[in-house]
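Novice: My structure is below; once you've seen it, I'll send some questions.
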Amino acid sequence: MPFLVYSLSPSSLSATMAESNFVDYVKIYCRSGKGGRGSTHFRREKYIPKGGPDGGDGGRGGDIYVRANENYWTLLHLRYQRHVISTGGGNGSGKRSTGADGEDQIIEVPVGTVIYDAETGEFIMDLSRDGQQELLLKGGRGGKGNTFFKTSTNQAPRYAQPGEPARERTVILQLKMLADVGLVGLPNAGKSTLLSVLTAAKPKIANYPFTTLEPNLGMVRYREDRSFVMADIPGIIEGAAEGRGLGLRFLRHIERNALLLFMIPADTERIADEYRLLLGELTKYNAELLEKRKVLAITKCDLIDEEIQGWIREELQNELPENLPLIFISGAAHQGLSELKDLLWHELNRETKHRAESIIQQAIDVTSLTWDDDEEPLPPLDEDDEPWDEEEDGDLELDWDDLEPSTSEDLE
């Protein structure tokens with residue numbers, strides 16, 4: 001059977017996405033704080049002609065952390081926060097005074113956020129637990145003051161260290177939604193209708209392709225106050241793994257689902273071929289998705305009688321794997337929904353349940369992503385707040401690379 005190919009123009013898709021509050025990927029520029037420089041100050045007091053060196057160390061630069069917070073559901077709060085910059089450490093001063101440490105920055109993200117390098121697409125970290133906090137960029141170390149270099153043979157060192165420079169990196173934050181059951185199907189397969197019937201979610205429902213342009217989550221209530229989360233993603237078409245339709249825009253949300261519910265209408269001519277098409281697109285995107293548990297639901301069964309259902313069941317048992325659960329449902333007519341919830345709950349609680357932590361994260365192709373702020377200039381690097389005073393601070397600033405190996409180890 002030739003499958004219909006739907007397409008969306010980039011301009012109409014971008015306009016629709018701009019109106020939505022659902023933001024599942026952003027690009028931000030991060031810069032940690034530079035370390036403060038050490039001081040070459042000498043003690044100068046009345047009646048103390050040779051006070052000796054008393055320059056303090058510089059303070060460390062601020063770090064940048066990323067923390068998962070279950071109170072966030074999207075990355076909307078980061079959409080217009082293009083730059084995250086920590087403050088630098090304060091410079092050392094006399095009386096062995098250490099400079100103030102820079103202030104750390106913590107980026108709050110939803111649980112399930114994955115971070116990639118914006119230039120190479122390399123995977124950096126995955127935040128899959130509430131409260132999980134990871135270091136993204138470390139601030140520069142503060143430079144040592146001349147007091148640190150004072151020895152019995154070098155009692156008046158007139159040099160100190162500058163602080164380590166700031167580290168900078170542009171990263172991509174992608175949200176992969178956490179849900180127990182993910183709905184997979186072509187456009188107009190009845191996914192949004194099923195979600196609206198089983199949960200309190202109110203997705204947009206209409207009789208045309210790509211009604212759903214963003215994922216929708218709903219809580220399915222089961223027996224004895226038990227429940228599980230169901231996610232409806234936009235329809236998948238042939239070539240989605242290569243970017244057709246909504247393409248890779250939402251395929252990543254399926255990665256964290258414990259169970260995939262494939263939904264195919266009963267009036268489809270070749271149900272087995274459509275199932276293989278959907279499974280093939282998921283496999284092209286991430287081969288590990290084959291290991292997830294799968295259930296096949298034949299939707300819109302109110303359009304056929306029990307005799308035709310028997311014929312379809314017999315045909316699919318011969319063409320599809322034996323261990324693939326099969327069920328007939330109708331969201332509009334409320335048929336087979338109790339049996340569907342029983343089946344999903346049974347599959348979710350089997351011993352080999354898929355865990356989100358076992359996902360193998362892959363690098364992404366950054367060339368396929370477009371951003372609104374690619375031409376936006378980056379903020380300039382901070383300069384030293386206080387100029388170097390040769391009369392007060394000495395005439396030599398010792399770089400980190402100028403130290404002997406043994407001395408460098410002591411500074412770790």
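Starting from 1 in every chain, residues are counted up; chains themselves are A, B, ... following the order of the structure tokens, and ligands are numbered from 1 as listed.
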Sorted by chain and rising residue number, list the residues of stretch 144-183 of chain A at most 10 Å from stretch 94-108 of chain A (counting only C-alpha atoms), each with its closest atom pair and distance in Å to one decimal, as CSV.

Specialist:
```
residue,atom,partner,partner_atom,distance
A:Lys144,CA,A:Thr98,CA,9.3
A:Gly145,CA,A:Arg96,CA,8.0
A:Asn146,CA,A:Arg96,CA,9.3
A:Thr147,CA,A:Arg96,CA,7.4
A:Phe148,CA,A:Arg96,CA,9.7
```

Novice: Please identify all polymer residues within 8 Å of stretch 140-142 of chain A, counting only C-alpha atoms, omitting same-chain residues fewer than 5 positions from it, and present them as JSON, numbers by chain.

Specialist: {"A": [32, 33, 34, 35, 36, 37, 38, 57, 58, 59, 60, 61, 62, 89, 91, 162, 163, 164, 165, 166, 167]}

Novice: I'd like the contact shell of A:Thr74 - 10 Å cut-off, only C-alpha atoms, skipping same-chain residues fewer than 6 positions apart - returned as a PDB file with N, CA and C atoms, in the first residue's frame.

Specialist:
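Wrote around_36.pdb, looks like this:
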```
ATOM      1  N   ASN A  21       3.862  27.413  24.300  1.00  0.00           N
ATOM      2  CA  ASN A  21       4.710  27.535  25.477  1.00  0.00           C
ATOM      3  C   ASN A  21       5.550  26.286  25.707  1.00  0.00           C
ATOM      4  N   PHE A  22       5.403  25.297  24.840  1.00  0.00           N
ATOM      5  CA  PHE A  22       6.189  24.079  24.991  1.00  0.00           C
ATOM      6  C   PHE A  22       7.520  24.249  24.262  1.00  0.00           C
ATOM      7  N   VAL A  23       8.590  24.321  25.020  1.00  0.00           N
ATOM      8  CA  VAL A  23       9.936  24.476  24.470  1.00  0.00           C
ATOM      9  C   VAL A  23      10.757  23.288  24.953  1.00  0.00           C
ATOM     10  N   ASP A  24      11.235  22.470  24.018  1.00  0.00           N
ATOM     11  CA  ASP A  24      11.960  21.262  24.413  1.00  0.00           C
ATOM     12  C   ASP A  24      13.413  21.258  23.963  1.00  0.00           C
ATOM     13  N   TYR A  25      13.898  22.358  23.380  1.00  0.00           N
ATOM     14  CA  TYR A  25      15.341  22.461  23.130  1.00  0.00           C
ATOM     15  C   TYR A  25      15.731  23.932  23.032  1.00  0.00           C
ATOM     16  N   VAL A 109      16.668  22.824  35.210  1.00  0.00           N
ATOM     17  CA  VAL A 109      16.088  22.227  34.003  1.00  0.00           C
ATOM     18  C   VAL A 109      15.085  21.156  34.424  1.00  0.00           C
ATOM     19  N   PRO A 110      14.164  20.768  33.535  1.00  0.00           N
ATOM     20  CA  PRO A 110      13.237  19.681  33.856  1.00  0.00           C
ATOM     21  C   PRO A 110      13.962  18.340  33.950  1.00  0.00           C
ATOM     22  N   VAL A 111      13.389  17.425  34.698  1.00  0.00           N
ATOM     23  CA  VAL A 111      13.925  16.066  34.758  1.00  0.00           C
ATOM     24  C   VAL A 111      13.788  15.440  33.371  1.00  0.00           C
ATOM     25  N   THR A 113      16.308  16.140  30.985  1.00  0.00           N
ATOM     26  CA  THR A 113      17.052  17.002  30.067  1.00  0.00           C
ATOM     27  C   THR A 113      18.408  16.387  29.741  1.00  0.00           C
ATOM     28  N   GLN A 174      18.312  19.580  25.479  1.00  0.00           N
ATOM     29  CA  GLN A 174      17.168  18.909  24.869  1.00  0.00           C
ATOM     30  C   GLN A 174      16.386  18.194  25.962  1.00  0.00           C
ATOM     31  N   LEU A 175      15.081  18.363  25.919  1.00  0.00           N
ATOM     32  CA  LEU A 175      14.212  17.697  26.882  1.00  0.00           C
ATOM     33  C   LEU A 175      13.656  16.423  26.259  1.00  0.00           C
ATOM     34  N   LYS A 176      13.869  15.308  26.948  1.00  0.00           N
ATOM     35  CA  LYS A 176      13.276  14.023  26.558  1.00  0.00           C
ATOM     36  C   LYS A 176      12.300  13.643  27.660  1.00  0.00           C
ATOM     37  N   MET A 177      11.025  13.750  27.344  1.00  0.00           N
ATOM     38  CA  MET A 177       9.994  13.647  28.369  1.00  0.00           C
ATOM     39  C   MET A 177       9.962  12.269  29.015  1.00  0.00           C
TER      40      MET A 177
END
```

Novice: Restricting the calculation to only C-alpha atoms: of A:Ile327, A:Met219, A:Leu303, A:Ile64, which residue gets closest to A:Leu135?

Specialist: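 The shortest atom-to-atom distance to A:Leu135 comes from A:Ile64.
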
Novice: Can you work out which one of A:Arg293, A:Ala156, A:Leu194, A:Glu322 has the shortest atom-to-atom distance to A:Leu340, counting only C-alpha atoms?

Specialist: A:Leu194

Novice: If you count only C-alpha atoms, which residues fall within 7 Å of A:Phe42, apart from same-chain ones fewer than 2 positions away, as a VMD selection string?

Specialist: chain A and resid 40 44 51 to 55

Novice: Please produce a file of those selected residues containing C-alpha atoms, as a tab-separated table (two decimals), in the first residue's frame.

Specialist:
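Below is the file that was written, again_7.tsv:
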```
chain	number	residue	atom	x	y	z
A	40	THR	CA	52.70	40.84	45.36
A	44	ARG	CA	54.65	48.34	55.14
A	51	GLY	CA	57.89	43.51	56.78
A	52	GLY	CA	58.30	40.95	54.02
A	53	PRO	CA	55.74	39.68	51.51
A	54	ASP	CA	52.13	39.47	52.65
A	55	GLY	CA	50.23	39.23	49.33
```
